[in-house]
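Text of data_29.cif (mmCIF, C-alpha atoms) as supplied:
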data_my_file
loop_
_atom_site.label_atom_id
_atom_site.label_comp_id
_atom_site.auth_asym_id
_atom_site.auth_seq_id
_atom_site.Cartn_x
_atom_site.Cartn_y
_atom_site.Cartn_z
CA MET A 1 -27.13 -9.04 60.63
CA ALA A 2 -26.10 -10.60 57.30
CA SER A 3 -24.78 -14.12 56.85
CA ARG A 4 -21.03 -14.39 56.90
CA PRO A 5 -19.15 -14.71 53.63
CA GLY A 6 -18.64 -18.38 52.87
CA SER A 7 -21.53 -19.46 55.08
CA SER A 8 -24.54 -21.39 53.84
CA ASP A 9 -27.36 -20.10 55.98
CA ASP A 10 -29.64 -17.39 54.71
CA ASN A 11 -31.25 -17.01 58.12
CA SER A 12 -29.94 -13.47 58.45
CA ALA A 13 -32.62 -12.15 60.80
CA GLN A 14 -31.33 -14.29 63.65
CA SER A 15 -28.05 -13.95 65.48
CA ALA A 16 -25.97 -16.30 67.60
CA PRO A 17 -25.23 -15.52 71.20
CA PRO A 18 -21.79 -13.99 71.70
CA GLN A 19 -18.98 -16.35 72.68
CA SER A 20 -16.11 -15.56 74.94
CA SER A 21 -12.66 -15.87 73.41
CA ALA A 22 -12.06 -18.91 75.63
CA ALA A 23 -15.17 -20.64 74.24
CA ALA A 24 -14.20 -19.74 70.70
CA GLY A 25 -10.72 -21.19 71.21
CA SER A 26 -8.99 -17.83 70.67
CA THR A 27 -8.40 -18.59 67.03
CA GLU A 28 -9.36 -15.25 65.52
CA LYS A 29 -6.71 -13.54 63.42
CA GLY A 30 -4.14 -11.83 65.58
CA GLN A 31 -4.67 -14.23 68.47
CA SER A 32 -2.83 -17.45 69.13
CA ASP A 33 -3.80 -20.89 70.40
CA LYS A 34 -1.95 -20.91 73.72
CA ASP A 35 -2.85 -22.37 77.07
CA GLN A 36 -2.36 -20.44 80.30
CA SER A 37 1.32 -21.41 80.42
CA GLY A 38 1.86 -19.72 77.03
CA GLN A 39 2.53 -23.02 75.22
CA ALA A 40 1.06 -23.43 71.72
CA GLN A 41 -1.73 -26.01 71.53
CA PRO A 42 -2.71 -28.04 68.44
CA SER A 43 -6.05 -27.06 66.96
CA THR A 44 -8.29 -28.44 64.23
CA THR A 45 -9.65 -24.91 63.95
CA LYS A 46 -6.30 -23.59 62.74
CA SER A 47 -6.30 -26.00 59.80
CA ALA A 48 -9.85 -24.98 58.89
CA GLU A 49 -9.11 -21.21 58.86
CA GLY A 50 -7.93 -21.33 55.25
CA ALA A 51 -10.83 -23.53 54.12
CA ARG A 52 -12.59 -22.93 50.85
CA ALA A 53 -16.07 -24.20 50.00
CA VAL A 54 -15.99 -27.00 47.45
CA PHE A 55 -19.74 -27.64 47.45
CA GLY A 56 -22.85 -25.69 48.38
CA PRO A 57 -24.71 -24.37 49.97
CA LYS A 58 -27.10 -26.66 48.12
CA ASP A 59 -30.06 -28.88 48.96
CA VAL A 60 -29.42 -32.63 48.67
CA ASP A 61 -32.29 -35.15 48.60
CA ALA A 62 -31.99 -38.49 50.39
CA ASP A 63 -34.48 -41.33 50.91
CA THR A 64 -35.05 -41.79 54.64
CA THR A 65 -37.09 -45.00 54.26
CA ASN A 66 -35.84 -48.22 55.89
CA ALA A 67 -32.05 -48.09 56.31
CA GLY A 68 -31.94 -44.59 54.81
CA SER A 69 -29.34 -43.11 52.50
CA TYR A 70 -25.57 -43.09 52.77
CA ILE A 71 -24.05 -39.73 51.82
CA ASP A 72 -20.38 -39.34 50.83
CA LEU A 73 -19.09 -35.76 51.11
CA ASP A 74 -15.52 -36.46 49.93
CA THR A 75 -16.45 -36.23 46.25
CA PRO A 76 -16.91 -33.12 44.05
CA GLN A 77 -20.70 -33.49 44.43
CA PRO A 78 -22.18 -35.42 47.38
CA VAL A 79 -22.95 -39.04 46.46
CA VAL A 80 -26.24 -40.34 47.85
CA SER A 81 -26.86 -44.10 47.85
CA PRO A 82 -29.61 -46.34 49.27
CA THR A 83 -26.95 -48.96 50.05
CA LYS A 84 -23.73 -48.85 52.03
CA ILE A 85 -20.91 -47.14 50.14
CA ASN A 86 -17.22 -47.05 50.93
CA GLY A 87 -16.41 -43.60 52.22
CA GLY A 88 -19.97 -42.80 53.30
CA ASP A 89 -19.77 -39.96 55.83
CA ILE A 90 -23.33 -39.80 57.15
CA ILE A 91 -26.53 -41.85 57.02
CA PHE A 92 -29.84 -39.97 56.85
CA SER A 93 -32.61 -42.36 57.86
CA ALA A 94 -35.88 -42.70 59.72
CA SER A 95 -35.90 -46.31 60.92
CA VAL A 96 -37.58 -45.20 64.17
CA GLU A 97 -37.36 -41.38 64.05
CA PRO A 98 -35.62 -39.22 61.44
CA ASN A 99 -31.93 -39.21 62.34
CA LEU A 100 -28.36 -38.71 61.22
CA PHE A 101 -25.82 -41.43 61.99
CA VAL A 102 -22.06 -41.49 61.37
CA PRO A 103 -20.86 -44.88 60.04
CA GLU A 104 -18.49 -46.76 62.35
CA SER A 105 -19.91 -44.65 65.23
CA ALA A 106 -17.18 -42.03 64.79
CA SER A 107 -17.83 -38.90 66.90
CA ASN A 108 -17.74 -36.63 63.85
CA LEU A 109 -21.22 -35.03 64.10
CA ALA A 110 -21.78 -31.93 66.23
CA PRO A 111 -25.20 -30.38 66.88
CA LEU A 112 -25.46 -26.60 66.62
CA PRO A 113 -28.02 -24.20 68.11
CA ARG A 114 -31.17 -24.06 65.96
CA SER A 115 -30.80 -20.33 65.31
CA GLY A 116 -27.96 -18.06 64.36
CA PRO A 117 -25.79 -17.46 61.34
CA ALA A 118 -24.26 -20.36 59.46
CA PRO A 119 -20.88 -21.34 60.86
CA THR A 120 -17.58 -20.98 59.08
CA ALA A 121 -15.42 -24.03 58.37
CA ALA A 122 -13.25 -23.15 61.37
CA GLU A 123 -16.26 -22.88 63.67
CA CYS A 124 -17.57 -26.22 62.41
CA ALA A 125 -14.23 -27.95 62.97
CA ASP A 126 -14.06 -26.50 66.48
CA SER A 127 -17.63 -27.62 67.21
CA VAL A 128 -16.84 -31.21 66.16
CA ASP A 129 -13.71 -31.14 68.35
CA ARG A 130 -15.75 -29.99 71.37
CA ASN A 131 -19.15 -31.65 70.89
CA GLY A 132 -18.74 -34.54 68.47
CA THR A 133 -21.17 -37.45 68.66
CA TYR A 134 -22.13 -40.16 66.20
CA THR A 135 -25.94 -39.93 66.07
CA ALA A 136 -28.77 -37.46 66.50
CA ASN A 137 -32.52 -37.44 66.00
CA VAL A 138 -33.43 -34.62 63.63
CA LYS A 139 -36.29 -32.37 62.66
CA ARG A 140 -36.71 -29.53 60.23
CA GLY A 141 -34.41 -26.62 61.10
CA ASP A 142 -31.82 -28.63 63.05
CA ARG A 143 -28.20 -27.78 62.21
CA PHE A 144 -25.00 -29.82 62.45
CA CYS A 145 -21.31 -29.76 61.65
CA LEU A 146 -19.61 -32.89 60.34
CA LEU A 147 -16.02 -34.01 59.80
CA SER A 148 -15.80 -36.31 56.78
CA GLY A 149 -13.68 -39.42 56.51
CA GLU A 150 -11.10 -37.55 54.43
CA GLY A 151 -10.97 -34.50 56.69
CA ARG A 152 -13.41 -32.20 54.94
CA VAL A 153 -15.66 -30.06 57.12
CA ALA A 154 -19.39 -29.81 56.37
CA TYR A 155 -22.36 -27.81 57.59
CA LEU A 156 -25.73 -29.60 57.40
CA ARG A 157 -29.11 -27.93 57.87
CA VAL A 158 -32.19 -30.17 57.92
CA VAL A 159 -34.70 -28.82 55.39
CA THR A 160 -37.17 -31.73 55.66
CA ALA A 161 -37.05 -34.90 57.77
CA PRO A 162 -39.99 -37.18 57.00
CA SER A 163 -40.44 -40.54 58.70
CA THR A 164 -40.72 -42.08 55.21
CA GLY A 165 -39.86 -40.77 51.79
CA THR A 166 -37.42 -38.13 50.66
CA GLY A 167 -35.67 -35.93 53.20
CA LYS A 168 -33.64 -32.88 52.31
CA LEU A 169 -30.40 -31.51 53.77
CA ASN A 170 -28.85 -28.18 52.86
CA ILE A 171 -25.12 -28.94 52.70
CA THR A 172 -21.93 -26.89 52.48
CA VAL A 173 -18.58 -28.70 52.30
CA TRP A 174 -15.17 -27.11 52.73
CA ASN A 175 -11.71 -28.41 51.97
CA THR A 176 -9.19 -27.67 54.66
CA PRO A 177 -5.45 -27.32 54.05
CA ASP A 178 -4.93 -30.72 55.72
CA ALA A 179 -7.62 -32.51 53.63
#
Turn this file's structure into structure tokens for me.
Amino acid sequence: MASRPGSSDDNSAQSAPPQSSAAAGSTEKGQSDKDQSGQAQPSTTKSAEGARAVFGPKDVDADTTNAGSYIDLDTPQPVVSPTKINGGDIIFSASVEPNLFVPESASNLAPLPRSGPAPTAAECADSVDRNGTYTANVKRGDRFCLLSGEGRVAYLRVVTAPSTGTGKLNITVWNTPDA
């Protein structure tokens, strides 16, 4: 199986388990977002269907020592800073264990299964809607979706996660029509 167009994972030998249309939110082309009564339901996934990648997939280095690095994904290239920055979307640190933390404890980070093809922007947006949290311990190979402060959708794959020193995330960021 090959990676999907627009995805950032080159892990093509693995495949994700199939999802039922109910689990996938029935947002594939030709299907509509309706509940059992036939009423249309709002969906973040719909806004992410027309997404286009604005960055990546590309590895981004971040110092995980002490308080870690703040990463802003709402810029043309991710901005990585050792100090708090306005608009920072995620903190990559290893104060106790390597982890990702969303500033202001917003539930904008969604863990993904460790294997499978890279998600699309729509799949990432849906994953954040369903499984969003604000923090997660990480190790090499872990994968996450993230909703940025300005509504961009990102896919993060942990390349390295040392307890001190430079960690590496492989990042893809998409604009959505609403961003």
Query - Residue nearest Gly88 in chain A - candidates A:Thr133, A:Gly149, A:Val54, A:Gly165, atoms counted: only C-alpha atoms - result: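 Answer, going by the shortest atom-to-atom distance: A:Gly149.
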Query raised in the report: Taking only C-alpha atoms into account, which of A:Glu123, A:Asp72, A:Asp129, A:Asp142 comes nearest Val102 in chain A?
Result: A:Asp72
Report task. For CA of Ala67 in chain A and CA of Ser95 in chain A, quote the distance in Å rounded to one decimal. Result -> 6.3 Å
Query raised in the report: So what does the PyMOL selection byres ((chain A and resi 60) around 10) actually pick up in this one, as a PyMOL selection string?
Result: chain A and resi 56-59+61-62+71+77-80+156+158-159+166-171
Query raised in the report: When you draw a straight line from CA of Leu146 in chain A to CA of Thr75 in chain A, how long is it in Å?
Result: 14.8 Å
Query - Counting only C-alpha atoms, the residue of A:Ala53, A:Ile90, A:Val173, A:Ala118 that sits nearest Ser105 in chain A - result: A:Ile90
